[in-house]
file final05.txt (compact mmCIF, C-alpha atoms)
# COMPACT_ATOMS: atom_id res chain seq x y z
CA MET A 1 2.34 13.38 -36.11
CA GLU A 2 5.96 12.49 -35.61
CA ARG A 3 7.70 10.23 -33.15
CA GLU A 4 7.69 12.79 -30.31
CA TRP A 5 4.30 11.52 -29.18
CA LEU A 6 5.98 8.26 -28.17
CA PHE A 7 7.61 10.13 -25.26
CA LEU A 8 4.10 10.66 -23.88
CA LEU A 9 3.97 6.93 -23.20
CA ILE A 10 6.47 7.39 -20.34
CA PRO A 11 4.29 9.57 -18.04
CA LEU A 12 1.20 7.68 -19.20
CA THR A 13 2.75 4.38 -18.10
CA ILE A 14 3.98 5.84 -14.80
CA GLY A 15 0.53 7.29 -14.16
CA ALA A 16 -1.23 4.02 -14.96
CA VAL A 17 1.07 2.06 -12.63
CA PHE A 18 0.62 4.56 -9.76
CA LEU A 19 -3.14 4.61 -10.33
CA SER A 20 -3.30 0.81 -10.31
CA PHE A 21 -1.34 0.50 -7.06
CA GLY A 22 -3.41 3.18 -5.38
CA VAL A 23 -6.77 1.78 -6.43
CA TYR A 24 -5.68 -1.73 -5.41
CA GLY A 25 -4.69 -0.52 -1.94
CA LEU A 26 -7.89 1.48 -1.46
CA ARG A 27 -10.07 -1.44 -2.58
CA ARG A 28 -8.17 -3.78 -0.24
CA ALA A 29 -8.69 -1.40 2.70
CA SER A 30 -12.37 -1.00 1.82
CA ALA A 31 -12.87 -4.77 1.65
CA LEU A 32 -11.24 -5.18 5.06
CA ARG A 33 -13.53 -2.51 6.53
CA ARG A 34 -16.61 -4.24 5.08
CA THR A 35 -15.89 -7.91 5.69
CA GLY A 36 -12.88 -7.96 8.00
CA ILE A 37 -12.92 -9.37 11.50
CA THR A 38 -11.29 -7.49 14.34
CA ALA A 39 -9.05 -9.37 16.75
CA GLU A 40 -6.74 -8.34 19.53
CA GLY A 41 -3.15 -8.96 18.58
CA ARG A 42 0.27 -8.31 19.95
CA ILE A 43 3.32 -6.78 18.31
CA ILE A 44 5.92 -9.52 18.71
CA ARG A 45 8.88 -8.01 16.82
CA HIS A 46 9.83 -5.60 14.07
CA ASP A 47 11.21 -6.68 10.72
CA VAL A 48 13.92 -4.16 9.87
CA GLU A 49 15.05 -3.45 6.32
CA ARG A 50 17.69 -1.05 5.08
CA ASN A 51 17.41 0.50 1.62
CA ASP A 52 20.23 1.46 -0.76
CA GLU A 53 20.58 4.94 0.75
CA GLY A 54 21.01 3.53 4.24
CA ALA A 55 17.57 4.41 5.61
CA THR A 56 16.13 1.87 8.02
CA PHE A 57 12.47 0.86 7.81
CA HIS A 58 10.62 -0.88 10.64
CA TYR A 59 7.71 -3.22 9.88
CA PRO A 60 5.80 -4.36 12.97
CA VAL A 61 4.92 -8.05 13.08
CA ALA A 62 1.53 -8.74 14.64
CA ALA A 63 0.44 -12.08 16.10
CA TRP A 64 -3.20 -12.99 16.76
CA THR A 65 -5.56 -15.94 16.83
CA THR A 66 -8.42 -16.14 14.34
CA ARG A 67 -11.95 -17.03 15.37
CA ASP A 68 -11.45 -20.58 14.11
CA GLY A 69 -8.31 -21.00 16.26
CA ARG A 70 -5.53 -20.47 13.70
CA GLU A 71 -2.40 -18.76 14.99
CA CYS A 72 -1.32 -15.93 12.68
CA GLU A 73 1.90 -13.95 12.61
CA TYR A 74 2.45 -11.49 9.75
CA SER A 75 4.45 -8.36 9.04
CA SER A 76 2.69 -5.13 8.11
CA ARG A 77 2.95 -4.05 4.50
CA PHE A 78 3.88 -0.53 5.61
CA GLY A 79 7.16 0.37 7.23
CA ARG A 80 8.27 3.60 8.84
CA SER A 81 11.70 5.06 9.06
CA GLY A 82 13.51 7.31 11.42
CA ARG A 83 14.38 7.44 15.05
CA GLY A 84 11.45 6.42 17.24
CA ALA A 85 9.50 5.08 14.25
CA VAL A 86 8.00 2.20 16.20
CA GLY A 87 7.75 3.08 19.80
CA GLY A 88 4.94 3.47 22.24
CA ALA A 89 1.71 2.02 20.90
CA PHE A 90 3.51 -0.17 18.34
CA GLY A 91 6.56 -1.25 20.31
CA VAL A 92 7.38 -4.89 20.92
CA GLY A 93 4.88 -6.39 23.37
CA ALA A 94 2.20 -3.77 22.74
CA PHE A 95 -1.38 -4.83 22.16
CA ALA A 96 -2.87 -3.80 18.82
CA LEU A 97 -6.21 -4.28 17.13
CA VAL A 98 -5.87 -6.22 13.91
CA GLN A 99 -8.51 -6.37 11.21
CA TYR A 100 -8.10 -9.42 8.99
CA ASP A 101 -9.79 -11.22 6.12
CA PRO A 102 -11.31 -14.44 7.56
CA GLU A 103 -10.64 -16.31 4.30
CA ASP A 104 -7.02 -15.15 4.02
CA PRO A 105 -5.56 -13.81 7.29
CA ARG A 106 -2.41 -12.67 5.45
CA ARG A 107 -4.58 -9.78 4.28
CA PHE A 108 -4.74 -7.71 7.44
CA ALA A 109 -4.24 -4.22 8.78
CA ILE A 110 -2.98 -3.05 12.13
CA GLN A 111 -5.39 -0.35 13.22
CA GLY A 112 -3.59 2.93 13.71
CA TRP A 113 -0.51 1.81 11.78
CA ASP A 114 -1.74 0.78 8.34
CA VAL A 115 -3.29 3.96 7.00
CA THR A 116 -4.56 4.60 3.49
CA THR A 117 -2.57 7.84 3.04
CA PHE A 118 -0.03 6.17 0.75
CA ASP A 119 -2.78 4.55 -1.32
CA ARG A 120 -4.61 7.88 -1.67
CA LEU A 121 -1.41 9.68 -2.64
CA THR A 122 -0.53 7.15 -5.36
CA THR A 123 -4.10 7.27 -6.66
CA VAL A 124 -4.03 11.07 -6.92
CA LEU A 125 -0.57 11.14 -8.52
CA GLY A 126 -1.52 8.38 -10.95
CA SER A 127 -4.72 10.21 -11.89
CA VAL A 128 -2.86 13.47 -12.48
CA PHE A 129 -0.17 11.82 -14.61
CA THR A 130 -2.66 9.76 -16.60
CA ALA A 131 -5.24 12.50 -17.16
CA GLY A 132 -2.59 15.13 -17.90
CA THR A 133 -0.85 12.93 -20.44
CA LEU A 134 -4.13 12.00 -22.11
CA VAL A 135 -5.13 15.68 -22.37
CA VAL A 136 -1.77 16.57 -23.95
CA LEU A 137 -2.09 13.65 -26.36
CA LEU A 138 -5.67 14.63 -27.27
CA VAL A 139 -4.71 18.27 -27.85
CA ARG A 140 -1.77 17.16 -29.98
CA LEU A 141 -4.02 14.92 -32.07
CA LEU A 142 -6.68 17.60 -32.54
CA THR A 143 -4.22 20.34 -33.53
CA LEU A 144 -2.58 18.44 -36.36
call {"tool": "encode", "arguments": {"input": "final05.txt", "output": "structure tokens"}}
result
Amino acid sequence: MEREWLFLLIPLTIGAVFLSFGVYGLRRASALRRTGITAEGRIIRHDVERNDEGATFHYPVAAWTTRDGRECEYSSRFGRSGRGAVGGAFGVGAFALVQYDPEDPRRFAIQGWDVTTFDRLTTVLGSVFTAGTLVVLLVRLLTL
């Protein structure tokens, strides 16, 4: 086998990274569903970021009080872009249900905003890249 097989490390690495991010996000969401505490919060502002292409992403910042009386104020890990990205139910001043980890309130999800679609997508893409690359590598090894 010659050096061409080294190029298979590129999609294998990309697949492993995507798979890792996706599985981490899904496990985090599952842990919040199992052990998280729900609290009523309020959207107090939106953190706005602009990427290199000029697209604007809005990240709602939720504020709530934990059961033990701690005041929390954190930005969502998911942002949305486009006109009207954060209006209505997630506009400034809106009430929102927040599910948080009682041991580390920074780990939270705004119900209805933080969805696992991105985590599922990265898991599927990572699986396809990883499995596909491993199959090609296995076939290449067996046909030599």
call {"tool": "residues_near_point", "arguments": {"input": "final05.txt", "point": "(-14.9, -8.0, 15.9)", "cutoff": "10 Å", "atoms": "all atoms listed in the file", "output": "NGL selection string"}}
result
:A and (36-40 or 67 or 97-100)
call {"tool": "residues_around", "arguments": {"input": "final05.txt", "residues": "stretch 44-56 of chain A", "least_positions_apart": "5", "cutoff": "6 Å", "atoms": "all atoms listed in the file", "output": "CSV table (one decimal) with C-alpha atoms, in the coordinates of the input"}}
result
chain,number,residue,atom,x,y,z
A,61,VAL,CA,4.9,-8.0,13.1
A,81,SER,CA,11.7,5.1,9.1
A,92,VAL,CA,7.4,-4.9,20.9
A,93,GLY,CA,4.9,-6.4,23.4
call {"tool": "closest_residue", "arguments": {"input": "final05.txt", "among": "A:Thr13, A:Ser30, A:Thr65, A:Thr130", "to": "A:Thr116", "atoms": "all atoms listed in the file"}}
result
A:Ser30
call {"tool": "residues_around", "arguments": {"input": "final05.txt", "residues": "A:Arg28", "least_positions_apart": "4", "cutoff": "12 Å", "atoms": "all atoms listed in the file", "output": "list in words"}}
result
Phe21, Gly22, Val23, Tyr24, Leu32, Arg33, Arg34, Thr35, Gly36, Gln99, Tyr100, Asp101, Arg107, Phe108, Ala109, Asp114, Val115, Thr116 and Asp119 of chain A
call {"tool": "residues_around", "arguments": {"input": "final05.txt", "residues": "A:Gly41", "least_positions_apart": "5", "cutoff": "6 Å", "atoms": "all atoms listed in the file", "output": "number ranges by chain"}}
result
A: 63-64, 95-97
call {"tool": "atom_distance", "arguments": {"input": "final05.txt", "atom1": "atom CA of A:Glu103", "atom2": "atom CA of A:Pro60"}}
result
22.1 Å
call {"tool": "atom_distance", "arguments": {"input": "final05.txt", "atom1": "atom CA of A:Ser20", "atom2": "atom CA of A:Val139"}}
result
24.8 Å
call {"tool": "closest_residue", "arguments": {"input": "final05.txt", "among": "A:Gly69, A:Gly132, A:Pro102, A:Gly126", "to": "A:Ile14", "atoms": "all atoms listed in the file"}}
result
A:Gly126
call {"tool": "residues_around", "arguments": {"input": "final05.txt", "residues": "A:Leu12", "least_positions_apart": "3", "cutoff": "9 Å", "atoms": "only C-alpha atoms", "output": "PyMOL selection string"}}
result
chain A and resi 8-9+15-17+126+129-134
call {"tool": "write_last_selection", "arguments": {"input": "final05.txt", "atoms": "C-alpha atoms", "output": "mmCIF file, in the frame of the given file"}}
result
data_model
loop_
_atom_site.group_PDB
_atom_site.id
_atom_site.type_symbol
_atom_site.label_atom_id
_atom_site.label_comp_id
_atom_site.auth_asym_id
_atom_site.auth_seq_id
_atom_site.Cartn_x
_atom_site.Cartn_y
_atom_site.Cartn_z
ATOM 1 C CA LEU A 8 4.100 10.660 -23.880
ATOM 2 C CA LEU A 9 3.970 6.930 -23.200
ATOM 3 C CA GLY A 15 0.530 7.290 -14.160
ATOM 4 C CA ALA A 16 -1.230 4.020 -14.960
ATOM 5 C CA VAL A 17 1.070 2.060 -12.630
ATOM 6 C CA GLY A 126 -1.520 8.380 -10.950
ATOM 7 C CA PHE A 129 -0.170 11.820 -14.610
ATOM 8 C CA THR A 130 -2.660 9.760 -16.600
ATOM 9 C CA ALA A 131 -5.240 12.500 -17.160
ATOM 10 C CA GLY A 132 -2.590 15.130 -17.900
ATOM 11 C CA THR A 133 -0.850 12.930 -20.440
ATOM 12 C CA LEU A 134 -4.130 12.000 -22.110
#
call {"tool": "closest_residue", "arguments": {"input": "final05.txt", "among": "A:Thr123, A:Ala94, A:Phe118, A:Thr66", "to": "A:Arg80", "atoms": "all atoms listed in the file"}}
result
A:Phe118
call {"tool": "atom_distance", "arguments": {"input": "final05.txt", "atom1": "atom CA of A:Gly79", "atom2": "atom CA of A:Pro11"}}
result
27.0 Å
